[in-house]
file target_5.pdb (PDB, C-alpha atoms, pLDDT in the B column)
MODEL        1
ATOM      1  CA  MET F   9     -26.160   4.818 -20.675  1.00 48.00           C
ATOM      2  CA  SER F  10     -25.086   7.486 -23.078  1.00 48.00           C
ATOM      3  CA  SER F  11     -24.064   7.513 -26.651  1.00 50.00           C
ATOM      4  CA  MET F  12     -20.334   7.266 -26.245  1.00 60.00           C
ATOM      5  CA  ASP F  13     -19.521   8.858 -29.590  1.00 65.00           C
ATOM      6  CA  MET F  14     -20.907  12.254 -28.765  1.00 69.00           C
ATOM      7  CA  PRO F  15     -20.482  13.077 -25.099  1.00 71.00           C
ATOM      8  CA  ASP F  16     -23.297  15.283 -23.943  1.00 78.00           C
ATOM      9  CA  PRO F  17     -23.128  17.311 -20.700  1.00 75.00           C
ATOM     10  CA  HIS F  18     -26.928  17.193 -20.493  1.00 84.00           C
ATOM     11  CA  ASN F  19     -26.809  13.428 -20.278  1.00 90.00           C
ATOM     12  CA  PRO F  20     -26.408  12.463 -16.602  1.00 93.00           C
ATOM     13  CA  ALA F  21     -24.039   9.533 -17.310  1.00 93.00           C
ATOM     14  CA  ASP F  22     -21.684  11.755 -19.303  1.00 93.00           C
ATOM     15  CA  GLY F  23     -22.031  14.686 -16.925  1.00 94.00           C
ATOM     16  CA  LEU F  24     -21.307  12.612 -13.818  1.00 95.00           C
ATOM     17  CA  ALA F  25     -18.370  10.910 -15.535  1.00 96.00           C
ATOM     18  CA  ALA F  26     -17.045  14.369 -16.394  1.00 95.00           C
ATOM     19  CA  ALA F  27     -17.241  15.360 -12.715  1.00 96.00           C
ATOM     20  CA  VAL F  28     -15.276  12.224 -11.756  1.00 95.00           C
ATOM     21  CA  ALA F  29     -12.680  12.935 -14.437  1.00 95.00           C
ATOM     22  CA  LEU F  30     -12.322  16.577 -13.390  1.00 95.00           C
ATOM     23  CA  ARG F  31     -11.769  15.557  -9.780  1.00 95.00           C
ATOM     24  CA  ARG F  32      -9.104  13.125 -10.916  1.00 93.00           C
ATOM     25  CA  LEU F  33      -7.484  15.763 -13.114  1.00 93.00           C
ATOM     26  CA  ALA F  34      -7.436  18.263 -10.233  1.00 93.00           C
ATOM     27  CA  ASP F  35      -5.888  15.699  -7.870  1.00 91.00           C
ATOM     28  CA  LEU F  36      -3.187  14.724 -10.360  1.00 91.00           C
ATOM     29  CA  LEU F  37      -2.440  18.334 -11.197  1.00 92.00           C
ATOM     30  CA  GLU F  38      -2.255  19.384  -7.554  1.00 94.00           C
ATOM     31  CA  ALA F  39       0.108  16.553  -6.595  1.00 93.00           C
ATOM     32  CA  ALA F  40       2.375  17.249  -9.561  1.00 92.00           C
ATOM     33  CA  GLN F  41       2.475  20.976  -8.874  1.00 94.00           C
ATOM     34  CA  VAL F  42       3.072  20.560  -5.147  1.00 95.00           C
ATOM     35  CA  GLU F  43       6.007  18.313  -5.965  1.00 93.00           C
ATOM     36  CA  GLN F  44       7.328  20.783  -8.521  1.00 93.00           C
ATOM     37  CA  ALA F  45       7.015  23.713  -6.129  1.00 95.00           C
ATOM     38  CA  LEU F  46       8.790  21.913  -3.293  1.00 95.00           C
ATOM     39  CA  ARG F  47      11.572  20.800  -5.625  1.00 93.00           C
ATOM     40  CA  ALA F  48      11.924  24.416  -6.706  1.00 95.00           C
ATOM     41  CA  GLY F  49      12.495  25.358  -3.083  1.00 95.00           C
ATOM     42  CA  TRP F  50       9.049  26.581  -2.070  1.00 96.00           C
ATOM     43  CA  SER F  51       8.225  26.188   1.608  1.00 96.00           C
ATOM     44  CA  TRP F  52       5.132  24.351   2.816  1.00 96.00           C
ATOM     45  CA  SER F  53       3.729  27.733   3.872  1.00 97.00           C
ATOM     46  CA  GLU F  54       4.124  29.138   0.398  1.00 97.00           C
ATOM     47  CA  VAL F  55       2.467  26.094  -1.164  1.00 97.00           C
ATOM     48  CA  ALA F  56      -0.339  26.337   1.387  1.00 97.00           C
ATOM     49  CA  GLU F  57      -0.894  29.991   0.584  1.00 98.00           C
ATOM     50  CA  ALA F  58      -1.066  29.304  -3.143  1.00 98.00           C
ATOM     51  CA  LEU F  59      -3.645  26.576  -2.574  1.00 97.00           C
ATOM     52  CA  ASP F  60      -5.503  28.683   0.006  1.00 97.00           C
ATOM     53  CA  VAL F  61      -5.360  26.011   2.683  1.00 97.00           C
ATOM     54  CA  THR F  62      -3.532  25.880   6.008  1.00 97.00           C
ATOM     55  CA  ARG F  63       0.068  24.782   6.155  1.00 97.00           C
ATOM     56  CA  GLN F  64      -1.066  21.905   8.371  1.00 96.00           C
ATOM     57  CA  ALA F  65      -3.569  20.744   5.766  1.00 96.00           C
ATOM     58  CA  VAL F  66      -1.118  20.644   2.892  1.00 96.00           C
ATOM     59  CA  HIS F  67       1.576  19.076   5.080  1.00 95.00           C
ATOM     60  CA  LYS F  68      -0.786  16.369   6.288  1.00 94.00           C
ATOM     61  CA  LYS F  69      -1.864  15.562   2.756  1.00 94.00           C
ATOM     62  CA  TYR F  70       1.566  15.436   1.152  1.00 95.00           C
ATOM     63  CA  ALA F  71       4.411  15.204   3.700  1.00 93.00           C
ATOM     64  CA  SER F  72       4.803  11.428   3.753  1.00 90.00           C
ATOM     65  CA  ARG F  73       4.358  11.122  -0.014  1.00 91.00           C
ATOM     66  CA  VAL F  74       6.933  13.861  -0.560  1.00 92.00           C
ATOM     67  CA  ALA F  75       9.406  12.187   1.787  1.00 90.00           C
ATOM     68  CA  ALA F  76       8.881   8.823   0.074  1.00 90.00           C
ATOM     69  CA  ALA F  77       9.544  10.426  -3.304  1.00 88.00           C
ATOM     70  CA  GLY F  78      12.819  11.782  -1.964  1.00 88.00           C
ATOM     71  CA  VAL F  79      11.967  15.463  -2.326  1.00 88.00           C
ATOM     72  CA  GLU F  80      14.105  17.748  -0.175  1.00 86.00           C
ATOM     73  CA  THR F  81      11.904  20.309   1.554  1.00 85.00           C
ATOM     74  CA  ARG F  82      12.887  23.635   2.995  1.00 76.00           C
ATOM     75  CA  ARG F  83      12.755  24.220   6.724  1.00 65.00           C
ATOM     76  CA  ARG F  84       9.738  26.065   8.002  1.00 57.00           C
ATOM     77  CA  SER F  85       9.856  29.744   7.196  1.00 50.00           C
ATOM     78  CA  GLY F  86       7.503  32.706   7.102  1.00 44.00           C
TER      79      GLY F  86
ATOM     80  CA  MET A  18      -9.436 -24.577 -17.377  1.00 45.00           C
ATOM     81  CA  GLY A  19      -8.742 -27.103 -14.612  1.00 46.00           C
ATOM     82  CA  LYS A  20     -10.345 -27.219 -11.205  1.00 53.00           C
ATOM     83  CA  PRO A  21     -11.826 -24.089  -9.694  1.00 53.00           C
ATOM     84  CA  SER A  22      -8.985 -22.619  -7.764  1.00 66.00           C
ATOM     85  CA  THR A  23      -9.128 -20.559  -4.656  1.00 83.00           C
ATOM     86  CA  LEU A  24      -8.176 -17.041  -5.526  1.00 90.00           C
ATOM     87  CA  ASP A  25      -5.404 -15.490  -3.483  1.00 93.00           C
ATOM     88  CA  VAL A  26      -7.416 -12.381  -2.719  1.00 94.00           C
ATOM     89  CA  ARG A  27      -4.578 -10.811  -0.800  1.00 95.00           C
ATOM     90  CA  GLU A  28      -2.256 -11.093  -3.776  1.00 96.00           C
ATOM     91  CA  ILE A  29      -4.849  -9.582  -6.119  1.00 97.00           C
ATOM     92  CA  VAL A  30      -5.531  -6.707  -3.733  1.00 97.00           C
ATOM     93  CA  ALA A  31      -1.791  -6.062  -3.389  1.00 97.00           C
ATOM     94  CA  LEU A  32      -1.422  -5.951  -7.174  1.00 97.00           C
ATOM     95  CA  ALA A  33      -4.470  -3.699  -7.459  1.00 98.00           C
ATOM     96  CA  ARG A  34      -3.026  -1.383  -4.807  1.00 96.00           C
ATOM     97  CA  THR A  35       0.213  -1.045  -6.768  1.00 95.00           C
ATOM     98  CA  GLU A  36      -1.775  -0.240  -9.911  1.00 96.00           C
ATOM     99  CA  ALA A  37      -3.842   2.342  -8.021  1.00 95.00           C
ATOM    100  CA  ARG A  38      -0.699   3.993  -6.685  1.00 92.00           C
ATOM    101  CA  THR A  39       0.980   4.049 -10.082  1.00 90.00           C
ATOM    102  CA  LEU A  40      -2.072   5.715 -11.572  1.00 91.00           C
ATOM    103  CA  GLY A  41      -2.130   8.301  -8.772  1.00 88.00           C
ATOM    104  CA  SER A  42      -5.365   7.060  -7.251  1.00 92.00           C
ATOM    105  CA  ALA A  43      -6.069   7.434  -3.537  1.00 91.00           C
ATOM    106  CA  ARG A  44      -8.375   4.402  -3.544  1.00 96.00           C
ATOM    107  CA  ILE A  45      -8.473   0.913  -5.010  1.00 97.00           C
ATOM    108  CA  GLU A  46     -11.136   0.984  -7.695  1.00 98.00           C
ATOM    109  CA  ALA A  47     -12.765  -1.770  -9.750  1.00 98.00           C
ATOM    110  CA  GLU A  48     -10.493  -0.952 -12.691  1.00 98.00           C
ATOM    111  CA  HIS A  49      -7.429  -1.628 -10.546  1.00 98.00           C
ATOM    112  CA  LEU A  50      -8.833  -5.044  -9.640  1.00 98.00           C
ATOM    113  CA  LEU A  51      -9.351  -5.770 -13.342  1.00 98.00           C
ATOM    114  CA  LEU A  52      -5.756  -4.726 -14.060  1.00 98.00           C
ATOM    115  CA  ALA A  53      -4.582  -7.042 -11.283  1.00 98.00           C
ATOM    116  CA  LEU A  54      -6.415  -9.982 -12.884  1.00 98.00           C
ATOM    117  CA  ALA A  55      -5.033  -9.109 -16.324  1.00 98.00           C
ATOM    118  CA  LEU A  56      -1.534  -9.119 -14.827  1.00 98.00           C
ATOM    119  CA  ARG A  57      -1.991 -12.737 -13.760  1.00 97.00           C
ATOM    120  CA  PRO A  58      -2.230 -14.978 -16.858  1.00 96.00           C
ATOM    121  CA  GLN A  59      -1.783 -18.022 -14.647  1.00 96.00           C
ATOM    122  CA  LEU A  60      -5.330 -17.384 -13.369  1.00 96.00           C
ATOM    123  CA  SER A  61      -8.358 -18.334 -15.489  1.00 96.00           C
ATOM    124  CA  ALA A  62      -9.608 -14.740 -15.410  1.00 97.00           C
ATOM    125  CA  GLY A  63      -6.258 -13.321 -16.479  1.00 97.00           C
ATOM    126  CA  ARG A  64      -6.038 -15.842 -19.299  1.00 97.00           C
ATOM    127  CA  LEU A  65      -9.542 -14.998 -20.491  1.00 98.00           C
ATOM    128  CA  LEU A  66      -8.895 -11.235 -20.390  1.00 98.00           C
ATOM    129  CA  ASN A  67      -5.625 -11.502 -22.280  1.00 98.00           C
ATOM    130  CA  ALA A  68      -7.165 -13.838 -24.860  1.00 97.00           C
ATOM    131  CA  GLU A  69      -9.871 -11.228 -25.470  1.00 97.00           C
ATOM    132  CA  GLY A  70      -7.272  -8.542 -26.087  1.00 97.00           C
ATOM    133  CA  LEU A  71      -7.517  -7.081 -22.611  1.00 98.00           C
ATOM    134  CA  SER A  72      -3.872  -6.953 -21.664  1.00 98.00           C
ATOM    135  CA  PRO A  73      -2.902  -4.623 -18.815  1.00 98.00           C
ATOM    136  CA  GLU A  74      -1.685  -2.103 -21.425  1.00 97.00           C
ATOM    137  CA  ALA A  75      -4.958  -2.294 -23.351  1.00 98.00           C
ATOM    138  CA  ILE A  76      -6.922  -1.703 -20.138  1.00 98.00           C
ATOM    139  CA  ARG A  77      -4.743   1.260 -19.157  1.00 97.00           C
ATOM    140  CA  GLU A  78      -5.207   2.725 -22.634  1.00 96.00           C
ATOM    141  CA  ALA A  79      -8.964   2.302 -22.361  1.00 98.00           C
ATOM    142  CA  LEU A  80      -8.926   4.104 -19.007  1.00 97.00           C
ATOM    143  CA  ASP A  81      -6.905   6.969 -20.503  1.00 94.00           C
ATOM    144  CA  LEU A  82      -9.382   7.126 -23.351  1.00 95.00           C
ATOM    145  CA  GLU A  83     -12.327   7.303 -20.947  1.00 96.00           C
ATOM    146  CA  PHE A  84     -10.573  10.047 -18.969  1.00 95.00           C
ATOM    147  CA  ALA A  85     -10.005  12.165 -22.086  1.00 94.00           C
ATOM    148  CA  HIS A  86     -13.499  11.409 -23.341  1.00 94.00           C
ATOM    149  CA  SER A  87     -15.205  12.418 -20.099  1.00 95.00           C
ATOM    150  CA  LEU A  88     -13.164  15.613 -19.835  1.00 94.00           C
ATOM    151  CA  GLY A  89     -14.197  16.328 -23.418  1.00 93.00           C
ATOM    152  CA  THR A  90     -17.825  16.366 -22.284  1.00 91.00           C
ATOM    153  CA  VAL A  91     -17.159  19.657 -20.515  1.00 91.00           C
ATOM    154  CA  GLY A  92     -14.878  21.045 -23.198  1.00 91.00           C
ATOM    155  CA  ILE A  93     -11.541  20.155 -21.663  1.00 91.00           C
ATOM    156  CA  SER A  94      -8.940  18.739 -23.974  1.00 90.00           C
ATOM    157  CA  LEU A  95      -5.657  17.256 -22.864  1.00 83.00           C
ATOM    158  CA  HIS A  96      -4.262  17.735 -26.361  1.00 79.00           C
ATOM    159  CA  GLY A  97      -0.981  19.566 -26.188  1.00 72.00           C
ATOM    160  CA  PHE A  98      -1.018  19.309 -22.444  1.00 73.00           C
ATOM    161  CA  SER A  99       0.720  16.488 -20.709  1.00 73.00           C
ATOM    162  CA  LEU A 100       0.283  16.256 -16.998  1.00 73.00           C
ATOM    163  CA  PRO A 101       3.583  16.937 -15.287  1.00 71.00           C
ATOM    164  CA  ASP A 102       5.078  13.764 -13.924  1.00 76.00           C
ATOM    165  CA  THR A 103       4.793  13.245 -10.237  1.00 79.00           C
ATOM    166  CA  ARG A 104       6.279  10.643  -8.009  1.00 82.00           C
ATOM    167  CA  LEU A 105       3.919  11.513  -5.175  1.00 86.00           C
ATOM    168  CA  SER A 106       1.943   8.296  -5.063  1.00 84.00           C
ATOM    169  CA  PHE A 107      -0.308   7.525  -2.155  1.00 86.00           C
ATOM    170  CA  LEU A 108       1.248   5.431   0.576  1.00 83.00           C
ATOM    171  CA  GLY A 109      -0.040   2.836   2.984  1.00 81.00           C
ATOM    172  CA  GLY A 110      -3.069   0.641   2.587  1.00 86.00           C
ATOM    173  CA  LEU A 111      -5.366   2.445   0.202  1.00 92.00           C
ATOM    174  CA  PRO A 112      -9.080   2.128   1.014  1.00 95.00           C
ATOM    175  CA  PHE A 113     -11.469   0.383  -1.364  1.00 97.00           C
ATOM    176  CA  ALA A 114     -13.622   2.579  -3.519  1.00 97.00           C
ATOM    177  CA  GLN A 115     -17.276   1.589  -3.643  1.00 98.00           C
ATOM    178  CA  SER A 116     -16.747   0.045  -7.098  1.00 98.00           C
ATOM    179  CA  ALA A 117     -14.154  -2.367  -5.681  1.00 98.00           C
ATOM    180  CA  ARG A 118     -16.327  -3.213  -2.684  1.00 98.00           C
ATOM    181  CA  LEU A 119     -19.257  -3.967  -4.983  1.00 98.00           C
ATOM    182  CA  ALA A 120     -17.043  -6.093  -7.236  1.00 98.00           C
ATOM    183  CA  PHE A 121     -16.241  -8.390  -4.300  1.00 97.00           C
ATOM    184  CA  GLN A 122     -19.846  -8.478  -3.091  1.00 97.00           C
ATOM    185  CA  ARG A 123     -20.988  -9.445  -6.577  1.00 97.00           C
ATOM    186  CA  ALA A 124     -18.178 -11.992  -6.881  1.00 97.00           C
ATOM    187  CA  ILE A 125     -19.444 -13.707  -3.736  1.00 94.00           C
ATOM    188  CA  LYS A 126     -22.975 -13.595  -5.106  1.00 94.00           C
ATOM    189  CA  ALA A 127     -21.761 -15.158  -8.365  1.00 93.00           C
ATOM    190  CA  ARG A 128     -20.384 -18.066  -6.354  1.00 90.00           C
ATOM    191  CA  THR A 129     -23.614 -18.967  -4.555  1.00 85.00           C
ATOM    192  CA  GLY A 130     -25.128 -22.237  -5.625  1.00 77.00           C
ATOM    193  CA  GLN A 131     -21.751 -23.524  -6.741  1.00 76.00           C
ATOM    194  CA  ARG A 132     -19.932 -26.174  -4.872  1.00 70.00           C
ATOM    195  CA  THR A 133     -16.713 -24.253  -4.568  1.00 68.00           C
ATOM    196  CA  ARG A 134     -15.651 -23.040  -1.213  1.00 73.00           C
ATOM    197  CA  GLY A 135     -13.144 -20.396  -2.181  1.00 83.00           C
ATOM    198  CA  LEU A 136     -13.505 -17.610  -4.670  1.00 92.00           C
ATOM    199  CA  ASP A 137     -12.320 -18.310  -8.214  1.00 94.00           C
ATOM    200  CA  SER A 138     -10.676 -15.536 -10.223  1.00 96.00           C
ATOM    201  CA  LEU A 139     -13.602 -15.854 -12.671  1.00 97.00           C
ATOM    202  CA  HIS A 140     -16.056 -15.034  -9.858  1.00 96.00           C
ATOM    203  CA  LEU A 141     -14.160 -11.827  -9.223  1.00 97.00           C
ATOM    204  CA  LEU A 142     -14.085 -11.063 -12.942  1.00 98.00           C
ATOM    205  CA  ILE A 143     -17.872 -11.469 -13.103  1.00 98.00           C
ATOM    206  CA  GLY A 144     -18.188  -9.228 -10.038  1.00 98.00           C
ATOM    207  CA  ILE A 145     -16.037  -6.534 -11.634  1.00 98.00           C
ATOM    208  CA  LEU A 146     -17.840  -6.675 -14.978  1.00 98.00           C
ATOM    209  CA  SER A 147     -21.323  -6.594 -13.411  1.00 98.00           C
ATOM    210  CA  ALA A 148     -21.211  -2.819 -12.896  1.00 97.00           C
ATOM    211  CA  GLU A 149     -23.330  -1.208 -15.589  1.00 96.00           C
ATOM    212  CA  GLY A 150     -22.026   2.301 -15.057  1.00 95.00           C
ATOM    213  CA  GLY A 151     -18.928   3.967 -13.772  1.00 96.00           C
ATOM    214  CA  THR A 152     -15.474   4.558 -15.168  1.00 97.00           C
ATOM    215  CA  LEU A 153     -14.618   0.970 -16.028  1.00 98.00           C
ATOM    216  CA  ALA A 154     -17.894   0.181 -17.807  1.00 98.00           C
ATOM    217  CA  ARG A 155     -17.478   3.354 -19.841  1.00 97.00           C
ATOM    218  CA  ALA A 156     -13.852   2.576 -20.659  1.00 98.00           C
ATOM    219  CA  LEU A 157     -14.773  -0.904 -21.882  1.00 98.00           C
ATOM    220  CA  THR A 158     -17.632   0.444 -23.992  1.00 97.00           C
ATOM    221  CA  LEU A 159     -15.233   2.906 -25.615  1.00 96.00           C
ATOM    222  CA  ILE A 160     -12.972   0.100 -26.803  1.00 97.00           C
ATOM    223  CA  GLU A 161     -16.030  -1.915 -27.828  1.00 97.00           C
ATOM    224  CA  VAL A 162     -15.670  -4.687 -25.307  1.00 97.00           C
ATOM    225  CA  ASP A 163     -18.936  -6.535 -24.776  1.00 97.00           C
ATOM    226  CA  ARG A 164     -19.122  -6.921 -20.999  1.00 97.00           C
ATOM    227  CA  GLY A 165     -22.064  -9.294 -21.218  1.00 97.00           C
ATOM    228  CA  ALA A 166     -20.273 -11.630 -23.616  1.00 97.00           C
ATOM    229  CA  LEU A 167     -17.169 -11.581 -21.431  1.00 98.00           C
ATOM    230  CA  MET A 168     -19.240 -12.439 -18.348  1.00 98.00           C
ATOM    231  CA  ALA A 169     -20.898 -15.289 -20.242  1.00 98.00           C
ATOM    232  CA  GLN A 170     -17.473 -16.652 -21.123  1.00 97.00           C
ATOM    233  CA  ALA A 171     -16.423 -16.433 -17.490  1.00 97.00           C
ATOM    234  CA  ARG A 172     -19.566 -18.354 -16.453  1.00 96.00           C
ATOM    235  CA  ARG A 173     -18.856 -21.045 -19.027  1.00 96.00           C
ATOM    236  CA  GLY A 174     -15.314 -21.291 -17.692  1.00 95.00           C
ATOM    237  CA  LEU A 175     -16.668 -21.874 -14.207  1.00 92.00           C
ATOM    238  CA  GLU A 176     -19.109 -24.521 -15.456  1.00 90.00           C
ATOM    239  CA  ARG A 177     -16.330 -26.359 -17.240  1.00 89.00           C
ATOM    240  CA  ALA A 178     -14.235 -26.338 -14.099  1.00 83.00           C
ATOM    241  CA  ALA A 179     -17.074 -27.527 -11.851  1.00 75.00           C
TER     242      ALA A 179
ENDMDL
END
call {"tool": "encode", "arguments": {"input": "target_5.pdb", "output": "structure tokens"}}
result
Amino acid sequence: MSSMDMPDPHNPADGLAAAVALRRLADLLEAAQVEQALRAGWSWSEVAEALDVTRQAVHKKYASRVAAAGVETRRRSG
Amino acid sequence: MGKPSTLDVREIVALARTEARTLGSARIEAEHLLLALALRPQLSAGRLLNAEGLSPEAIREALDLEFAHSLGTVGISLHGFSLPDTRLSFLGGLPFAQSARLAFQRAIKARTGQRTRGLDSLHLLIGILSAEGGTLARALTLIEVDRGALMAQARRGLERAA
């Protein structure tokens, strides 16, 4: 284990925990921003372009969650 | 503590799933199982956790602390930055993370040699607390919870009930 008072990126336990936390931060940030973009009227294609993934990929990942959260999405365009 | 009771695993997993979703997790992790136990003071494990100051709120705070602490390792501070709220929680039956799978395996191991047939909530608590590393162990260390002492208490609880 590490000394918890002074996190140290050279300590494997701290470094690996940082990687886990960063992944979690990225996931939370992405979901929140996708929701915000769609609420602001962005299309799935525009969100996909911003994330540099295919429209299918972003739709597959978020469509059901977006629908369950009651977000109105724009019809396919562009 | 009464007789060893058979844990309603399905109920605990359902509670853990709700916790995982609320926290934006795509998987059920060991920490979500611990939260589920803490949410059930009618179970021996929930009673023990709450008596030791581990209410659901205290556990969530410890997890937040660990998150901020681990991000701090690589120079990222969430000070002045609050994550935008999202209602996009994961749907359906979330898969178990390895930490949750191990917690159940260790819970079953903790039961061997005892004359109970079902799993007691204290077995699951021991299983969850057995992990020496990972997010939950780190979170508990940060709030100065002695996992070993807590596990010993759980074992004594099981002995009393036997």
call {"tool": "closest_residue", "arguments": {"input": "target_5.pdb", "among": "A:Ala33, A:Leu88, A:Leu82, A:Leu60", "to": "Gly23 of chain F", "atoms": "only C-alpha atoms"}}
result
A:Leu88
call {"tool": "interface_residues", "arguments": {"input": "target_5.pdb", "of": "chain F", "to": "chain A", "cutoff": "9 Å", "atoms": "only C-alpha atoms", "output": "JSON, numbers by chain"}}
result
{"F": [9, 12, 13, 14, 15, 16, 17, 21, 22, 23, 24, 25, 26, 27, 28, 29, 30, 32, 33, 35, 36, 37, 39, 40, 41, 43, 44, 70, 72, 73, 74, 75, 76, 77, 78]}
call {"tool": "write_last_selection", "arguments": {"input": "target_5.pdb", "atoms": "C-alpha atoms", "output": "PDB file, keeping the file's coordinate frame"}}
result
ATOM      1  CA  MET F   9     -26.160   4.818 -20.675  1.00 48.00           C
ATOM      2  CA  MET F  12     -20.334   7.266 -26.245  1.00 60.00           C
ATOM      3  CA  ASP F  13     -19.521   8.858 -29.590  1.00 65.00           C
ATOM      4  CA  MET F  14     -20.907  12.254 -28.765  1.00 69.00           C
ATOM      5  CA  PRO F  15     -20.482  13.077 -25.099  1.00 71.00           C
ATOM      6  CA  ASP F  16     -23.297  15.283 -23.943  1.00 78.00           C
ATOM      7  CA  PRO F  17     -23.128  17.311 -20.700  1.00 75.00           C
ATOM      8  CA  ALA F  21     -24.039   9.533 -17.310  1.00 93.00           C
ATOM      9  CA  ASP F  22     -21.684  11.755 -19.303  1.00 93.00           C
ATOM     10  CA  GLY F  23     -22.031  14.686 -16.925  1.00 94.00           C
ATOM     11  CA  LEU F  24     -21.307  12.612 -13.818  1.00 95.00           C
ATOM     12  CA  ALA F  25     -18.370  10.910 -15.535  1.00 96.00           C
ATOM     13  CA  ALA F  26     -17.045  14.369 -16.394  1.00 95.00           C
ATOM     14  CA  ALA F  27     -17.241  15.360 -12.715  1.00 96.00           C
ATOM     15  CA  VAL F  28     -15.276  12.224 -11.756  1.00 95.00           C
ATOM     16  CA  ALA F  29     -12.680  12.935 -14.437  1.00 95.00           C
ATOM     17  CA  LEU F  30     -12.322  16.577 -13.390  1.00 95.00           C
ATOM     18  CA  ARG F  32      -9.104  13.125 -10.916  1.00 93.00           C
ATOM     19  CA  LEU F  33      -7.484  15.763 -13.114  1.00 93.00           C
ATOM     20  CA  ASP F  35      -5.888  15.699  -7.870  1.00 91.00           C
ATOM     21  CA  LEU F  36      -3.187  14.724 -10.360  1.00 91.00           C
ATOM     22  CA  LEU F  37      -2.440  18.334 -11.197  1.00 92.00           C
ATOM     23  CA  ALA F  39       0.108  16.553  -6.595  1.00 93.00           C
ATOM     24  CA  ALA F  40       2.375  17.249  -9.561  1.00 92.00           C
ATOM     25  CA  GLN F  41       2.475  20.976  -8.874  1.00 94.00           C
ATOM     26  CA  GLU F  43       6.007  18.313  -5.965  1.00 93.00           C
ATOM     27  CA  GLN F  44       7.328  20.783  -8.521  1.00 93.00           C
ATOM     28  CA  TYR F  70       1.566  15.436   1.152  1.00 95.00           C
ATOM     29  CA  SER F  72       4.803  11.428   3.753  1.00 90.00           C
ATOM     30  CA  ARG F  73       4.358  11.122  -0.014  1.00 91.00           C
ATOM     31  CA  VAL F  74       6.933  13.861  -0.560  1.00 92.00           C
ATOM     32  CA  ALA F  75       9.406  12.187   1.787  1.00 90.00           C
ATOM     33  CA  ALA F  76       8.881   8.823   0.074  1.00 90.00           C
ATOM     34  CA  ALA F  77       9.544  10.426  -3.304  1.00 88.00           C
ATOM     35  CA  GLY F  78      12.819  11.782  -1.964  1.00 88.00           C
TER      36      GLY F  78
END
call {"tool": "resolve_selection", "arguments": {"input": "target_5.pdb", "expression": "the PyMOL selection byres ((chain A and resi 57) around 12)", "output": "list of chain:residue names"}}
result
A:Leu24, A:Asp25, A:Glu28, A:Ile29, A:Leu32, A:Ala33, A:Leu50, A:Leu51, A:Leu52, A:Ala53, A:Leu54, A:Ala55, A:Leu56, A:Pro58, A:Gln59, A:Leu60, A:Ser61, A:Ala62, A:Gly63, A:Arg64, A:Leu65, A:Leu66, A:Asn67, A:Leu71, A:Ser72, A:Pro73, A:Ser138
call {"tool": "atom_distance", "arguments": {"input": "target_5.pdb", "atom1": "atom CA of Ala79 of chain A", "atom2": "atom CA of Phe121 of chain A"}}
result
22.2 Å
call {"tool": "atom_distance", "arguments": {"input": "target_5.pdb", "atom1": "atom CA of His67 of chain F", "atom2": "atom CA of Thr35 of chain A"}}
result
23.4 Å
call {"tool": "axis_aligned_box", "arguments": {"input": "target_5.pdb", "around": "segment 30-34 of chain A", "padding_each_side": "6 Å", "output": "lines of an AutoDock Vina configuration file"}}
result
center_x = -3.5
center_y = -4.0
center_z = -5.4
size_x = 16.1
size_y = 17.3
size_z = 16.1
call {"tool": "atom_distance", "arguments": {"input": "target_5.pdb", "atom1": "atom CA of Ala48 of chain F", "atom2": "atom CA of His96 of chain A"}}
result
26.3 Å
call {"tool": "resolve_selection", "arguments": {"input": "target_5.pdb", "expression": "the PyMOL selection byres ((chain F and resi 50) around 12)", "output": "PDB file with C-alpha atoms, keeping the file's coordinate frame"}}
result
ATOM      1  CA  GLN F  41       2.475  20.976  -8.874  1.00 94.00           C
ATOM      2  CA  VAL F  42       3.072  20.560  -5.147  1.00 95.00           C
ATOM      3  CA  GLU F  43       6.007  18.313  -5.965  1.00 93.00           C
ATOM      4  CA  GLN F  44       7.328  20.783  -8.521  1.00 93.00           C
ATOM      5  CA  ALA F  45       7.015  23.713  -6.129  1.00 95.00           C
ATOM      6  CA  LEU F  46       8.790  21.913  -3.293  1.00 95.00           C
ATOM      7  CA  ARG F  47      11.572  20.800  -5.625  1.00 93.00           C
ATOM      8  CA  ALA F  48      11.924  24.416  -6.706  1.00 95.00           C
ATOM      9  CA  GLY F  49      12.495  25.358  -3.083  1.00 95.00           C
ATOM     10  CA  SER F  51       8.225  26.188   1.608  1.00 96.00           C
ATOM     11  CA  TRP F  52       5.132  24.351   2.816  1.00 96.00           C
ATOM     12  CA  SER F  53       3.729  27.733   3.872  1.00 97.00           C
ATOM     13  CA  GLU F  54       4.124  29.138   0.398  1.00 97.00           C
ATOM     14  CA  VAL F  55       2.467  26.094  -1.164  1.00 97.00           C
ATOM     15  CA  ALA F  56      -0.339  26.337   1.387  1.00 97.00           C
ATOM     16  CA  GLU F  57      -0.894  29.991   0.584  1.00 98.00           C
ATOM     17  CA  ALA F  58      -1.066  29.304  -3.143  1.00 98.00           C
ATOM     18  CA  VAL F  79      11.967  15.463  -2.326  1.00 88.00           C
ATOM     19  CA  GLU F  80      14.105  17.748  -0.175  1.00 86.00           C
ATOM     20  CA  THR F  81      11.904  20.309   1.554  1.00 85.00           C
ATOM     21  CA  ARG F  82      12.887  23.635   2.995  1.00 76.00           C
ATOM     22  CA  ARG F  83      12.755  24.220   6.724  1.00 65.00           C
ATOM     23  CA  ARG F  84       9.738  26.065   8.002  1.00 57.00           C
ATOM     24  CA  SER F  85       9.856  29.744   7.196  1.00 50.00           C
ATOM     25  CA  GLY F  86       7.503  32.706   7.102  1.00 44.00           C
TER      26      GLY F  86
END
call {"tool": "closest_residue", "arguments": {"input": "target_5.pdb", "among": "A:Leu80, A:Ser94, A:Glu74, A:Ala68", "to": "Leu167 of chain A", "atoms": "all atoms listed in the file"}}
result
A:Ala68
call {"tool": "residues_near_point", "arguments": {"input": "target_5.pdb", "point": "(-17.8, -13.3, -24.2)", "cutoff": "12 Å", "atoms": "only C-alpha atoms", "output": "ChimeraX atom specification"}}
result
/A:65-66,68-70,143,146,162-174
